[in-house]
>>> print(open('start-v5.cif').read())   # mmCIF, C-alpha atoms
data_run
loop_
_atom_site.label_atom_id
_atom_site.label_comp_id
_atom_site.auth_asym_id
_atom_site.auth_seq_id
_atom_site.Cartn_x
_atom_site.Cartn_y
_atom_site.Cartn_z
CA MET A 418 0.00 0.00 0.00
CA ALA A 419 1.23 3.49 -0.87
CA ASP A 420 -0.44 6.39 0.93
CA GLY A 421 -3.34 4.07 1.74
CA GLN A 422 -3.83 3.13 -1.94
CA PRO A 423 -3.14 -0.33 -3.46
CA ILE A 424 0.11 -0.59 -5.40
CA GLN A 425 -0.44 -1.17 -9.13
CA THR A 426 2.80 -1.52 -11.09
CA ILE A 427 1.22 -1.59 -14.55
CA GLU A 428 -0.87 1.55 -14.63
CA SER A 429 -2.81 1.15 -17.90
CA ALA A 430 -3.77 -1.32 -20.62
CA THR A 431 -5.50 -1.25 -24.00
CA ARG A 432 -8.60 -3.31 -24.84
CA SER A 433 -8.34 -5.20 -28.12
CA ASP A 434 -12.08 -5.07 -28.89
CA THR A 435 -12.63 -1.31 -28.46
CA GLY A 436 -9.14 0.18 -28.39
CA ALA A 437 -10.00 2.00 -25.17
CA VAL A 438 -7.31 2.60 -22.55
CA ILE A 439 -8.21 1.13 -19.16
CA LEU A 440 -6.47 2.53 -16.10
CA ALA A 441 -5.45 0.09 -13.42
CA ARG A 442 -7.26 2.14 -10.80
CA ASP A 443 -10.49 1.61 -12.78
CA LEU A 444 -10.28 -2.08 -11.87
CA LEU A 445 -10.81 -1.14 -8.20
CA THR A 446 -14.25 0.37 -8.88
CA MET A 447 -15.64 -2.57 -10.89
CA ASP A 448 -18.15 -4.89 -9.30
CA GLU A 449 -16.97 -8.45 -8.76
CA LYS A 450 -19.18 -9.93 -11.48
CA THR A 451 -17.85 -7.61 -14.20
CA PHE A 452 -14.26 -8.13 -13.09
CA THR A 453 -14.71 -11.93 -13.08
CA GLU A 454 -16.20 -11.87 -16.59
CA LEU A 455 -13.25 -9.84 -17.84
CA ARG A 456 -10.76 -12.25 -16.23
CA ARG A 457 -12.37 -15.23 -17.90
CA ALA A 458 -12.83 -13.51 -21.27
CA THR A 459 -9.08 -12.97 -21.70
CA TRP A 460 -8.01 -16.63 -21.39
CA PRO A 461 -8.14 -19.10 -24.29
CA PRO A 462 -10.24 -22.19 -23.52
CA THR A 463 -7.96 -24.56 -25.44
CA ARG A 464 -4.39 -24.90 -26.69
CA ARG A 465 -5.41 -25.92 -30.19
CA PRO A 466 -3.62 -23.72 -32.76
CA ASP A 467 -6.67 -23.61 -35.02
CA HIS A 468 -8.86 -22.14 -32.27
CA PRO A 469 -9.33 -18.37 -32.75
CA GLY A 470 -8.77 -17.65 -29.08
CA PRO A 471 -10.62 -15.18 -26.87
CA PRO A 472 -12.25 -12.14 -28.50
CA LEU A 473 -10.89 -9.84 -25.79
CA THR A 474 -7.30 -9.24 -24.74
CA PHE A 475 -5.59 -6.53 -22.74
CA ARG A 476 -2.20 -5.24 -23.88
CA CYS A 477 0.31 -3.13 -22.00
CA THR A 478 0.28 0.49 -23.12
CA LEU A 479 4.10 0.63 -22.98
CA CYS A 480 5.38 -2.69 -24.34
CA GLU A 481 2.12 -3.95 -25.97
CA ALA A 482 2.52 -7.36 -24.35
CA PRO A 483 -0.62 -9.32 -23.35
CA LEU A 484 -1.75 -8.83 -19.76
CA SER A 485 -3.79 -10.77 -17.23
CA LEU A 486 -6.26 -9.41 -14.68
CA THR A 487 -5.50 -10.38 -11.09
CA ARG A 488 -7.08 -9.74 -7.72
CA LEU A 489 -5.61 -9.85 -4.20
CA ARG A 490 -7.88 -10.82 -1.31
CA ARG A 491 -7.21 -10.75 2.42
CA ASN A 492 -9.60 -11.61 5.27
CA GLY A 493 -12.54 -12.02 2.94
CA GLU A 494 -12.06 -8.62 1.23
CA THR A 495 -10.59 -7.61 -2.11
CA LYS A 496 -7.50 -5.54 -1.30
CA ASN A 497 -6.22 -4.94 -4.81
CA ARG A 498 -6.83 -5.61 -8.50
CA PHE A 499 -4.08 -5.15 -11.03
CA PHE A 500 -2.66 -6.03 -14.46
CA SER A 501 0.22 -8.49 -14.78
CA HIS A 502 2.30 -9.67 -17.72
CA ARG A 503 1.87 -13.22 -18.99
CA HIS A 504 5.23 -14.02 -20.60
CA PRO A 505 8.86 -13.85 -19.43
CA ALA A 506 9.91 -11.70 -22.36
CA ASP A 507 7.70 -8.97 -21.00
CA GLN A 508 9.85 -8.46 -17.90
CA ASN A 509 11.75 -5.67 -19.66
CA CYS A 510 8.60 -3.57 -19.68
CA PRO A 511 9.23 -0.08 -18.23
CA TRP A 512 6.30 -0.54 -15.82
CA LEU A 513 8.13 -3.28 -13.94
CA HIS A 514 10.71 -2.81 -11.20
CA ARG A 515 11.78 -6.43 -10.74
CA ASN A 516 11.52 -9.75 -12.50
CA ARG A 517 8.72 -12.15 -11.67
CA LEU A 518 7.99 -15.76 -12.57
CA ARG A 519 5.45 -16.11 -15.34
CA PRO A 520 2.18 -17.95 -14.51
CA ASP A 521 3.15 -21.22 -16.23
CA GLN A 522 6.42 -21.37 -14.22
CA ILE A 523 4.57 -20.83 -10.94
CA GLN A 524 1.96 -23.38 -11.99
CA ALA A 525 4.66 -25.95 -12.82
CA VAL A 526 6.03 -25.62 -9.29
CA ASP A 527 2.72 -25.33 -7.47
CA TYR A 528 0.50 -27.58 -9.53
CA PHE A 529 2.57 -30.36 -11.14
CA HIS A 530 5.72 -30.78 -9.06
CA LEU A 531 4.03 -30.95 -5.64
CA HIS A 532 2.70 -34.26 -4.35
CA GLU A 533 -1.07 -34.57 -4.05
CA GLY A 534 -2.20 -33.86 -0.49
CA GLU A 535 -3.79 -36.45 1.76
CA ILE A 536 -6.98 -34.40 2.13
CA HIS A 537 -7.33 -34.19 -1.66
CA ARG A 538 -6.99 -37.95 -2.09
CA ARG A 539 -9.39 -38.71 0.75
CA LEU A 540 -12.10 -36.32 -0.44
CA LYS A 541 -12.11 -37.44 -4.06
CA HIS A 542 -12.46 -41.06 -2.98
CA PHE A 543 -15.20 -39.98 -0.55
CA ILE A 544 -17.10 -38.41 -3.45
CA ALA A 545 -16.62 -41.55 -5.55
CA ASP A 546 -17.91 -43.80 -2.75
CA ALA A 547 -20.89 -41.53 -2.12
CA MET A 548 -21.77 -41.59 -5.82
CA ARG A 549 -21.56 -45.41 -5.92
CA ARG A 550 -23.97 -45.62 -2.96
CA ASP A 551 -26.45 -43.35 -4.77
CA SER A 552 -29.25 -45.49 -6.23
CA GLU A 553 -29.55 -43.09 -9.20
CA THR A 554 -25.89 -43.49 -10.19
CA ASP A 555 -24.56 -46.23 -12.43
CA PRO A 556 -21.68 -47.64 -10.31
CA GLU A 557 -19.79 -48.71 -13.42
CA THR A 558 -19.53 -45.06 -14.53
CA VAL A 559 -17.81 -43.84 -11.35
CA ILE A 560 -14.15 -43.25 -12.30
CA VAL A 561 -11.45 -41.70 -10.12
CA ASP A 562 -8.38 -39.86 -11.38
CA ARG A 563 -8.29 -41.14 -14.94
CA PHE A 564 -7.68 -39.20 -18.12
CA GLN A 565 -10.71 -38.31 -20.23
CA ILE A 566 -9.89 -38.08 -23.92
CA GLY A 567 -11.80 -35.42 -25.81
CA LYS A 568 -14.34 -36.73 -28.30
CA VAL A 569 -15.27 -33.30 -29.62
CA LEU A 570 -11.97 -31.53 -29.02
CA ARG A 571 -9.75 -34.23 -30.49
CA GLY A 572 -6.23 -34.20 -29.13
CA GLU A 573 -7.35 -32.59 -25.86
CA ARG A 574 -7.49 -34.54 -22.62
CA LYS A 575 -8.17 -33.80 -18.95
CA ARG A 576 -7.84 -35.84 -15.79
CA PRO A 577 -10.84 -35.08 -13.55
CA ASP A 578 -10.84 -36.12 -9.91
CA VAL A 579 -14.15 -37.98 -10.18
CA ARG A 580 -16.63 -38.55 -13.02
CA ALA A 581 -19.86 -40.46 -13.03
CA ALA A 582 -23.26 -40.72 -14.70
CA TRP A 583 -26.12 -39.64 -12.43
CA ARG A 584 -29.67 -39.99 -13.81
CA GLY A 585 -28.02 -40.41 -17.17
CA LYS A 586 -26.21 -37.06 -16.86
CA PRO A 587 -22.39 -37.12 -17.10
CA ILE A 588 -21.01 -35.23 -14.11
CA VAL A 589 -17.40 -34.29 -13.40
CA PHE A 590 -16.18 -33.34 -9.90
CA GLU A 591 -13.01 -31.28 -9.58
CA MET A 592 -11.59 -30.80 -6.08
CA GLN A 593 -10.14 -27.38 -5.29
CA LEU A 594 -7.97 -27.30 -2.18
CA SER A 595 -5.03 -25.17 -3.35
CA TYR A 596 -4.67 -22.35 -5.81
CA THR A 597 -5.47 -23.11 -9.45
CA PHE A 598 -4.77 -20.53 -12.11
CA ILE A 599 -7.70 -18.96 -13.90
CA SER A 600 -6.21 -20.15 -17.21
CA GLU A 601 -6.52 -23.78 -16.09
CA VAL A 602 -10.06 -23.24 -14.80
CA VAL A 603 -11.18 -21.73 -18.12
CA LYS A 604 -9.63 -24.59 -20.09
CA ARG A 605 -11.35 -27.24 -17.96
CA ASP A 606 -14.71 -25.46 -18.17
CA TYR A 607 -14.39 -25.25 -21.95
CA PHE A 608 -13.29 -28.87 -22.33
CA TYR A 609 -16.06 -30.42 -20.20
CA ALA A 610 -18.73 -28.14 -21.70
CA ASN A 611 -17.77 -29.28 -25.22
CA GLU A 612 -17.78 -32.91 -24.07
CA GLY A 613 -21.31 -32.43 -22.66
CA SER A 614 -20.32 -33.08 -19.04
CA PHE A 615 -21.68 -31.11 -16.11
CA LEU A 616 -18.82 -29.72 -14.02
CA ILE A 617 -18.98 -29.17 -10.25
CA TRP A 618 -16.01 -27.52 -8.55
CA VAL A 619 -15.85 -28.76 -4.94
CA PHE A 620 -13.98 -26.84 -2.23
CA TYR A 621 -12.84 -28.04 1.17
CA GLU A 622 -13.66 -24.70 2.79
CA ARG A 623 -14.95 -21.30 1.75
CA ARG A 624 -11.90 -19.06 1.95
CA GLN A 625 -12.83 -15.62 0.66
CA ASP A 626 -9.18 -14.56 0.45
CA ARG A 627 -8.70 -16.92 -2.50
CA ALA A 628 -9.26 -15.48 -5.96
CA MET A 629 -10.47 -18.86 -7.22
CA VAL A 630 -13.28 -18.83 -4.65
CA MET A 631 -14.47 -15.41 -5.80
CA ASP A 632 -14.22 -16.39 -9.47
CA GLU A 633 -16.29 -19.51 -8.96
CA GLU A 634 -18.96 -17.78 -6.87
CA PHE A 635 -19.58 -14.98 -9.33
CA PHE A 636 -19.32 -17.20 -12.40
CA ASN A 637 -21.76 -19.82 -11.09
CA ARG A 638 -24.63 -17.51 -10.04
CA ARG A 639 -23.03 -16.93 -6.59
CA ASN A 640 -23.09 -20.69 -5.77
CA LEU A 641 -20.10 -22.36 -4.14
CA PHE A 642 -20.09 -26.07 -3.24
CA VAL A 643 -18.08 -27.17 -0.19
CA LEU A 644 -17.42 -30.67 1.09
CA ASP A 645 -16.69 -29.94 4.76
CA ALA A 646 -17.15 -32.08 7.86
CA GLU A 647 -20.86 -31.24 8.04
CA ALA A 648 -21.39 -32.30 4.43
CA GLU A 649 -19.43 -35.53 4.95
CA ALA A 650 -21.58 -36.48 7.94
CA ALA A 651 -24.76 -35.65 6.02
CA SER A 652 -23.58 -37.75 3.05
CA ILE A 653 -22.94 -40.79 5.27
CA GLU A 654 -26.36 -40.43 6.90
CA ALA A 655 -28.25 -39.87 3.62
CA GLY A 656 -26.48 -42.62 1.68
CA HIS A 657 -25.62 -40.28 -1.23
CA LEU A 658 -23.48 -37.22 -1.85
CA MET A 659 -24.39 -34.07 0.08
CA LEU A 660 -22.62 -30.74 -0.41
CA ASN A 661 -22.74 -27.53 1.58
CA CYS A 662 -23.88 -24.87 -0.89
CA HIS A 663 -22.89 -21.30 -0.02
CA PHE A 664 -24.87 -18.59 -1.77
CA VAL A 665 -26.27 -15.11 -1.19
CA ARG A 666 -29.86 -13.94 -1.07
CA PRO A 667 -30.19 -10.35 -2.30
CA PHE A 668 -32.51 -7.87 -0.57
CA LEU A 669 -33.35 -4.30 -1.49
CA ASP A 670 -32.80 -1.71 1.22
CA GLU A 671 -35.03 1.05 -0.13
CA GLU A 672 -34.02 3.51 2.57
CA ARG A 673 -30.32 3.20 1.74
CA ARG A 674 -31.02 2.70 -1.97
CA ALA A 675 -28.79 -0.37 -2.11
CA ILE A 676 -29.00 -4.11 -2.75
CA ILE A 677 -27.72 -6.09 0.23
CA ASP A 678 -26.38 -9.61 -0.30
CA VAL A 679 -27.11 -11.77 2.74
CA PRO A 680 -24.88 -14.88 2.78
CA GLU A 681 -26.55 -18.23 3.42
CA SER A 682 -25.59 -21.91 3.25
CA ARG A 683 -27.60 -25.11 2.93
CA LEU A 684 -26.89 -28.81 2.63
CA VAL A 685 -27.99 -29.95 -0.82
CA SER A 686 -27.97 -33.15 -2.82
CA LEU A 687 -27.63 -33.54 -6.57
CA GLY A 688 -31.43 -33.80 -6.72
CA ASP A 689 -31.71 -30.26 -5.30
CA LEU A 690 -29.59 -28.76 -8.07
CA VAL A 691 -30.60 -27.26 -11.41
CA PHE A 692 -28.75 -28.73 -14.40
CA PRO A 693 -29.06 -26.06 -17.13
CA GLU A 694 -28.76 -27.20 -20.70
CA GLY A 695 -26.01 -25.51 -22.64
CA GLU A 696 -24.16 -23.97 -19.70
CA LEU A 697 -23.43 -27.31 -17.99
CA ARG A 698 -22.72 -25.70 -14.59
CA PRO A 699 -25.18 -27.01 -11.95
CA TYR A 700 -26.41 -24.57 -9.32
CA TYR A 701 -28.81 -24.54 -6.36
CA ILE A 702 -30.26 -21.02 -6.54
CA ASP A 703 -29.88 -18.40 -9.26
CA CYS A 704 -28.86 -15.36 -7.24
CA ASP A 705 -28.22 -13.32 -10.38
CA ALA A 706 -31.83 -13.84 -11.53
CA MET A 707 -33.07 -12.80 -8.08
CA ARG A 708 -31.23 -9.49 -8.45
CA VAL A 709 -32.95 -8.55 -11.73
CA PRO A 710 -36.31 -7.36 -10.26
CA LEU A 711 -34.44 -5.70 -7.39
CA LEU A 712 -32.28 -3.80 -9.85
CA THR A 713 -35.40 -2.74 -11.74
CA ARG A 714 -37.00 -1.51 -8.53
CA LEU A 715 -33.76 0.23 -7.50
CA GLU A 716 -33.55 2.02 -10.84
CA ALA A 717 -37.16 3.17 -10.42
CA LEU A 718 -36.40 4.51 -6.94
CA GLU A 719 -33.26 6.28 -8.13
CA GLU A 720 -35.21 7.79 -11.03
CA ALA A 721 -37.87 8.98 -8.58
CA ASP A 722 -35.12 10.51 -6.46
CA ARG A 723 -33.72 12.28 -9.50
CA GLN A 724 -37.15 13.63 -10.44
CA ALA A 725 -37.73 14.80 -6.87
CA GLU A 726 -34.34 16.51 -6.87
CA LEU A 727 -35.11 18.20 -10.19
CA LYS A 728 -38.46 19.38 -8.85
CA LYS A 729 -36.79 20.67 -5.71
CA ARG A 730 -34.28 22.58 -7.79
CA GLU A 731 -37.07 24.02 -9.91
CA LEU A 732 -38.89 25.23 -6.79
CA ILE A 733 -35.68 26.79 -5.49
CA GLU A 734 -35.14 28.51 -8.83
CA GLN A 735 -38.75 29.75 -8.87
CA GLU A 736 -38.38 31.10 -5.35
CA TRP A 737 -35.14 32.77 -6.34
CA ARG A 738 -36.80 34.35 -9.38
CA ALA A 739 -39.70 35.56 -7.19
CA GLN A 740 -37.26 37.06 -4.70
CA ARG A 741 -35.36 38.68 -7.56
CA ALA A 742 -38.58 40.10 -9.02
CA SER A 743 -39.60 41.39 -5.59
CA GLN A 744 -36.21 42.99 -5.19
CA GLU A 745 -36.55 44.66 -8.57
CA VAL A 746 -40.00 45.97 -7.56
CA ARG A 747 -38.53 47.38 -4.35
CA GLU A 748 -35.70 49.01 -6.24
CA GLN A 749 -38.15 50.56 -8.70
CA ALA A 750 -40.29 51.78 -5.81
CA GLU A 751 -37.27 53.29 -4.09
CA ARG A 752 -36.30 55.05 -7.31
CA ALA A 753 -39.88 56.32 -7.70
CA GLU A 754 -39.84 57.44 -4.07
CA ARG A 755 -36.67 59.41 -4.58
CA VAL A 756 -38.19 61.02 -7.67
CA ALA A 757 -41.37 61.85 -5.71
CA GLN A 758 -39.36 63.36 -2.87
CA ALA A 759 -37.47 65.50 -5.35
CA THR A 760 -40.78 66.57 -6.93
CA ILE A 761 -42.55 67.55 -3.71
CA ALA A 762 -39.50 69.21 -2.14
CA PRO A 763 -40.08 72.97 -1.86
CA GLN A 764 -38.26 75.18 -4.23
CA LEU A 765 -36.38 77.19 -1.68
CA THR A 766 -35.71 80.49 -3.38
CA THR A 767 -35.31 84.12 -2.41
CA ALA A 768 -35.14 87.39 -4.27
CA VAL A 769 -31.74 88.67 -5.19
CA PRO A 770 -31.38 92.50 -5.47
CA GLY A 771 -30.57 93.81 -8.88
CA ARG A 772 -32.17 90.87 -10.68
CA ASP A 773 -35.66 90.29 -12.07
CA ARG A 774 -35.65 86.58 -11.30
CA LEU A 775 -35.70 84.30 -8.29
CA ALA A 776 -32.24 83.07 -7.31
CA PRO A 777 -31.85 79.62 -5.80
CA HIS A 778 -30.81 79.25 -2.21
CA SER A 779 -27.27 78.36 -3.27
CA GLU A 780 -26.78 81.97 -4.40
CA LEU A 781 -27.62 83.33 -0.95
CA SER A 782 -24.81 83.83 1.49
CA GLY A 783 -24.54 84.12 5.21
CA GLY A 784 -26.21 82.33 8.12
CA ALA A 785 -29.19 84.69 8.15
CA ALA A 786 -30.38 83.42 4.78
CA ALA A 787 -30.05 79.80 5.93
CA ALA A 788 -32.07 80.53 9.03
CA GLN A 789 -35.00 81.78 6.93
CA ILE A 790 -35.50 78.30 5.32
CA GLU A 791 -38.36 76.35 6.80
CA PRO A 792 -39.05 72.64 6.24
CA PRO A 793 -42.19 71.81 4.27
CA ARG A 794 -45.32 71.38 6.33
CA LEU A 795 -47.94 68.70 5.68
CA VAL A 796 -51.64 69.30 6.07
CA TRP A 797 -54.61 67.02 5.54
CA GLU A 798 -56.28 66.99 2.14
CA ALA A 799 -59.69 68.63 2.03
CA VAL A 800 -61.25 65.69 0.21
CA HIS A 801 -60.24 62.07 0.70
CA ASP A 802 -61.28 59.18 -1.61
CA ARG A 803 -60.71 55.84 0.12
CA ALA A 804 -60.60 53.77 -3.11
CA THR A 805 -58.17 56.15 -4.82
CA SER A 806 -55.94 56.25 -1.73
CA ALA A 807 -55.81 52.47 -1.52
CA ARG A 808 -54.92 52.14 -5.21
CA ILE A 809 -52.23 54.84 -5.22
CA GLY A 810 -50.66 53.70 -1.92
CA GLN A 811 -50.54 50.02 -3.00
CA ARG A 812 -46.85 50.13 -3.86
CA TYR A 813 -46.02 50.78 -0.24
CA MET A 814 -47.74 47.53 0.66
CA LEU A 815 -45.41 45.71 -1.75
CA THR A 816 -42.08 47.46 -1.30
CA HIS A 817 -42.10 48.25 2.44
CA ARG A 818 -43.34 44.97 3.85
CA GLU A 819 -41.70 45.47 7.20
CA THR A 820 -44.23 48.22 8.01
CA ASN A 821 -47.92 47.63 8.66
CA TRP A 822 -49.23 50.25 6.27
CA ARG A 823 -52.84 49.28 6.86
CA SER A 824 -52.38 50.31 10.48
CA VAL A 825 -50.71 53.58 9.37
CA TYR A 826 -53.55 54.22 6.95
CA SER A 827 -56.21 53.62 9.64
CA ALA A 828 -54.35 55.86 12.11
CA ALA A 829 -54.12 58.62 9.51
CA VAL A 830 -57.83 58.43 8.69
CA GLU A 831 -58.69 58.53 12.40
CA ALA A 832 -56.31 61.47 13.08
CA ARG A 833 -57.75 63.35 10.12
CA SER A 834 -61.29 62.90 11.40
CA GLN A 835 -60.30 64.04 14.92
CA GLY A 836 -58.45 67.12 13.70
CA ILE A 837 -55.01 65.95 14.85
CA GLU A 838 -52.17 67.54 12.92
CA VAL A 839 -50.20 65.48 10.46
CA SER A 840 -46.90 65.94 12.30
CA GLU A 841 -48.38 64.54 15.52
CA MET A 842 -49.85 61.58 13.65
CA VAL A 843 -46.48 60.89 11.99
CA THR A 844 -44.66 60.97 15.33
CA LYS A 845 -47.14 58.53 16.84
CA ALA A 846 -46.97 56.20 13.82
CA VAL A 847 -43.17 56.18 13.98
CA GLU A 848 -43.28 55.04 17.60
CA GLU A 849 -45.80 52.28 16.86
CA THR A 850 -44.43 50.91 13.58
CA LYS A 851 -40.70 51.78 13.87
CA ALA A 852 -40.86 53.12 10.31
CA ARG A 853 -38.92 56.14 9.14
CA PRO A 854 -40.73 59.49 9.35
CA GLY A 855 -39.92 60.24 5.74
CA ASP A 856 -41.49 56.95 4.59
CA ILE A 857 -44.69 57.73 6.52
CA ARG A 858 -44.91 61.28 5.14
CA ASN A 859 -44.36 60.02 1.59
CA PHE A 860 -47.02 57.35 2.17
CA LEU A 861 -49.53 60.02 3.23
CA ILE A 862 -48.71 62.09 0.17
CA ALA A 863 -48.83 59.12 -2.23
CA SER A 864 -52.18 57.94 -0.82
CA ARG A 865 -53.53 61.51 -1.05
CA LEU A 866 -54.28 61.78 2.63
CA ALA A 867 -51.96 64.79 3.01
CA ARG A 868 -50.23 67.45 0.93
CA THR A 869 -47.46 69.98 1.34
CA LYS A 870 -48.35 73.51 2.31
#
>>> encode(input="start-v5.cif", output="structure tokens")
Amino acid sequence: MADGQPIQTIESATRSDTGAVILARDLLTMDEKTFTELRRATWPPTRRPDHPGPPLTFRCTLCEAPLSLTRLRRNGETKNRFFSHRHPADQNCPWLHRNRLRPDQIQAVDYFHLHEGEIHRRLKHFIADAMRRDSETDPETVIVDRFQIGKVLRGERKRPDVRAAWRGKPIVFEMQLSYTFISEVVKRDYFYANEGSFLIWVFYERRQDRAMVMDEEFFNRRNLFVLDAEAEAASIEAGHLMLNCHFVRPFLDEERRAIIDVPESRLVSLGDLVFPEGELRPYYIDCDAMRVPLLTRLEALEEADRQAELKKRELIEQEWRAQRASQEVREQAERAERVAQATIAPQLTTAVPGRDRLAPHSELSGGAAAAQIEPPRLVWEAVHDRATSARIGQRYMLTHRETNWRSVYSAAVEARSQGIEVSEMVTKAVEETKARPGDIRNFLIASRLARTK
């Protein structure tokens, strides 16, 4: 690990079918099923030179050598996925920092040169004996550890651990106790499928840190068959082969918007399995098929969430537009108010000796002239039309919402009827509404309740 991230020596590869460049870090975000399908799709199912080989290969972006897809698992979790070279001549690739054994060299040491373990020998003979005791098995067809010559793929041969005919169906059992390379698994699957034999990979235990375990689970509809102590005891009691099938049952957590895989296990016999024609890989429960309606429902929920989010955004945008329009109305009202104040402001002028016109106040000099200026005085209008006042003063209801103008209007009408001066009414309204005196005076003028004198 480097800075908490998995180390990936080969950083990119090119797909042969599309020409797209795949980054090694993209492998980390793939789901297990997609990654398993890619691993299997890059390995040839046979060594025959006339076979076209797999339609998909990955090639190194630097040296253009073929690559394999590999995963690293620890404690039941995938810790890393990465590209690796297949051939020894590729060790000069600039991506690499040190030489490594190629897969066939490691396989020669690990697979062919090591002696077969005692557990492997015991379990394959246990399967053979259990099949012979099965009343639906032809005992003469039970064969242990003998080469099977290809009838369809002539020149090819495999040596399965156990093969037998059950209910007329040819079945091959392959024990998996140590690591087997994905290339060998693909070749055996291809060989037995072409020979019309159903293949069952049998494990001694379910170790999730093994890549082979993950490959088999995701390839065979999330089914993994284990011959453990519990299955052995059940086989002896039942008088025929029993296997512990590990699988997952998917559930949809609508609140979290996620599909949860709940692991389960069950003792099953060959009679409990489905033997699909064409695929030739028996299974107990099709977990992939169970996910289809859940995925449909999940997509519908996610689409509903997207629509709700879009609607929420539209409402926010509408509210923003309304606030913007209201702000524009207030700005226009403020501009109109400033224009009105400039219009109703008294033209403070005085006569200037020696001229036949009125000079503005700015031409006067001295403090005495300034002292003669009096602020405009408001008086009540002689005639008041309630409808006209309400219509003309409506903009104050819209642009000065912080003030209760209806209350100001009522107070002004009452003060007018009682003969109270406008200035006293304004002072009282300011105390009650906390509005500015100028706003109240302008409101009285705009609603035609008062005028300047």
>>> resolve_selection(input="start-v5.cif", expression="the PyMOL selection byres ((chain A and resi 576) around 7)", output="MDAnalysis selection string")
chainID A and resid 562:565 574:575 577:578
>>> residues_around(input="start-v5.cif", residues="Arg794 of chain A", least_positions_apart="4", cutoff="9 Å", atoms="all atoms listed in the file", output="PyMOL selection string")
chain A and resi 839-840+868-870
>>> resolve_selection(input="start-v5.cif", expression="the PyMOL selection byres ((chain A and resi 545) around 12)", output="JSON, numbers by chain")
{"A": [538, 539, 540, 541, 542, 543, 544, 546, 547, 548, 549, 550, 551, 554, 555, 556, 557, 558, 559, 560, 561, 562, 577, 578, 579, 580, 581, 582, 583, 588, 589, 590, 591, 592, 652, 657, 658]}
>>> atom_distance(input="start-v5.cif", atom1="atom CA of Ile536 of chain A", atom2="atom CA of Asp626 of chain A")
20.0 Å
>>> closest_residue(input="start-v5.cif", among="A:Ile653, A:Leu715, A:Ala646, A:Leu479", to="Arg673 of chain A", atoms="all atoms listed in the file")
A:Leu715
>>> residues_near_point(input="start-v5.cif", point="(-3.5, -1.4, -11.6)", cutoff="8 Å", atoms="only C-alpha atoms", output="list in words")
Ile424, Gln425, Thr426, Ile427, Glu428, Ser429, Leu440, Ala441, Arg442, Asp443, Leu444, Arg498, Phe499 and Phe500 of chain A
>>> residues_around(input="start-v5.cif", residues="Met629 of chain A", least_positions_apart="2", cutoff="9 Å", atoms="all atoms listed in the file", output="list of chain:residue names")
A:Gln593, A:Tyr596, A:Thr597, A:Phe598, A:Ile599, A:Val602, A:Gln625, A:Asp626, A:Arg627, A:Met631, A:Asp632, A:Glu633, A:Glu634
>>> write_last_selection(input="start-v5.cif", atoms="C-alpha atoms", output="mmCIF file, keeping the file's coordinate frame")
data_model
loop_
_atom_site.group_PDB
_atom_site.id
_atom_site.type_symbol
_atom_site.label_atom_id
_atom_site.label_comp_id
_atom_site.auth_asym_id
_atom_site.auth_seq_id
_atom_site.Cartn_x
_atom_site.Cartn_y
_atom_site.Cartn_z
ATOM 1 C CA GLN A 593 -10.140 -27.380 -5.290
ATOM 2 C CA TYR A 596 -4.670 -22.350 -5.810
ATOM 3 C CA THR A 597 -5.470 -23.110 -9.450
ATOM 4 C CA PHE A 598 -4.770 -20.530 -12.110
ATOM 5 C CA ILE A 599 -7.700 -18.960 -13.900
ATOM 6 C CA VAL A 602 -10.060 -23.240 -14.800
ATOM 7 C CA GLN A 625 -12.830 -15.620 0.660
ATOM 8 C CA ASP A 626 -9.180 -14.560 0.450
ATOM 9 C CA ARG A 627 -8.700 -16.920 -2.500
ATOM 10 C CA MET A 631 -14.470 -15.410 -5.800
ATOM 11 C CA ASP A 632 -14.220 -16.390 -9.470
ATOM 12 C CA GLU A 633 -16.290 -19.510 -8.960
ATOM 13 C CA GLU A 634 -18.960 -17.780 -6.870
#
>>> atom_distance(input="start-v5.cif", atom1="atom CA of Thr495 of chain A", atom2="atom CA of Leu455 of chain A")
16.1 Å
>>> residues_around(input="start-v5.cif", residues="Gly436 of chain A", least_positions_apart="2", cutoff="12 Å", atoms="only C-alpha atoms", output="list in words")
Ala430, Thr431, Arg432, Ser433, Asp434, Val438, Ile439, Leu473, Thr474, Phe475, Arg476, Cys477 and Thr478 of chain A
>>> resolve_selection(input="start-v5.cif", expression="the PyMOL selection byres ((chain A and resi 703) around 10)", output="JSON, numbers by chain")
{"A": [637, 638, 639, 640, 664, 665, 666, 691, 700, 701, 702, 704, 705, 706, 707, 708]}
>>> atom_distance(input="start-v5.cif", atom1="atom CA of Leu513 of chain A", atom2="atom CA of Ser501 of chain A")
9.5 Å
>>> closest_residue(input="start-v5.cif", among="A:Tyr621, A:Phe615, A:Tyr607, A:Phe636", to="Phe452 of chain A", atoms="all atoms listed in the file")
A:Phe636
>>> closest_residue(input="start-v5.cif", among="A:Gln744, A:His502, A:Leu795, A:Leu641", to="Glu838 of chain A", atoms="only C-alpha atoms")
A:Leu795
>>> residues_near_point(input="start-v5.cif", point="(-35.6, 61.4, 1.8)", cutoff="9 Å", atoms="all atoms listed in the file", output="list in words")
Glu754, Arg755, Gln758, Ala759, Gly855, Asp856 and Asn859 of chain A
>>> closest_residue(input="start-v5.cif", among="A:Arg624, A:Lys851, A:Arg747, A:Arg803", to="His663 of chain A", atoms="all atoms listed in the file")
A:Arg624
>>> closest_residue(input="start-v5.cif", among="A:Ala610, A:Leu718, A:Met659, A:Leu732", to="Pro693 of chain A", atoms="only C-alpha atoms")
A:Ala610
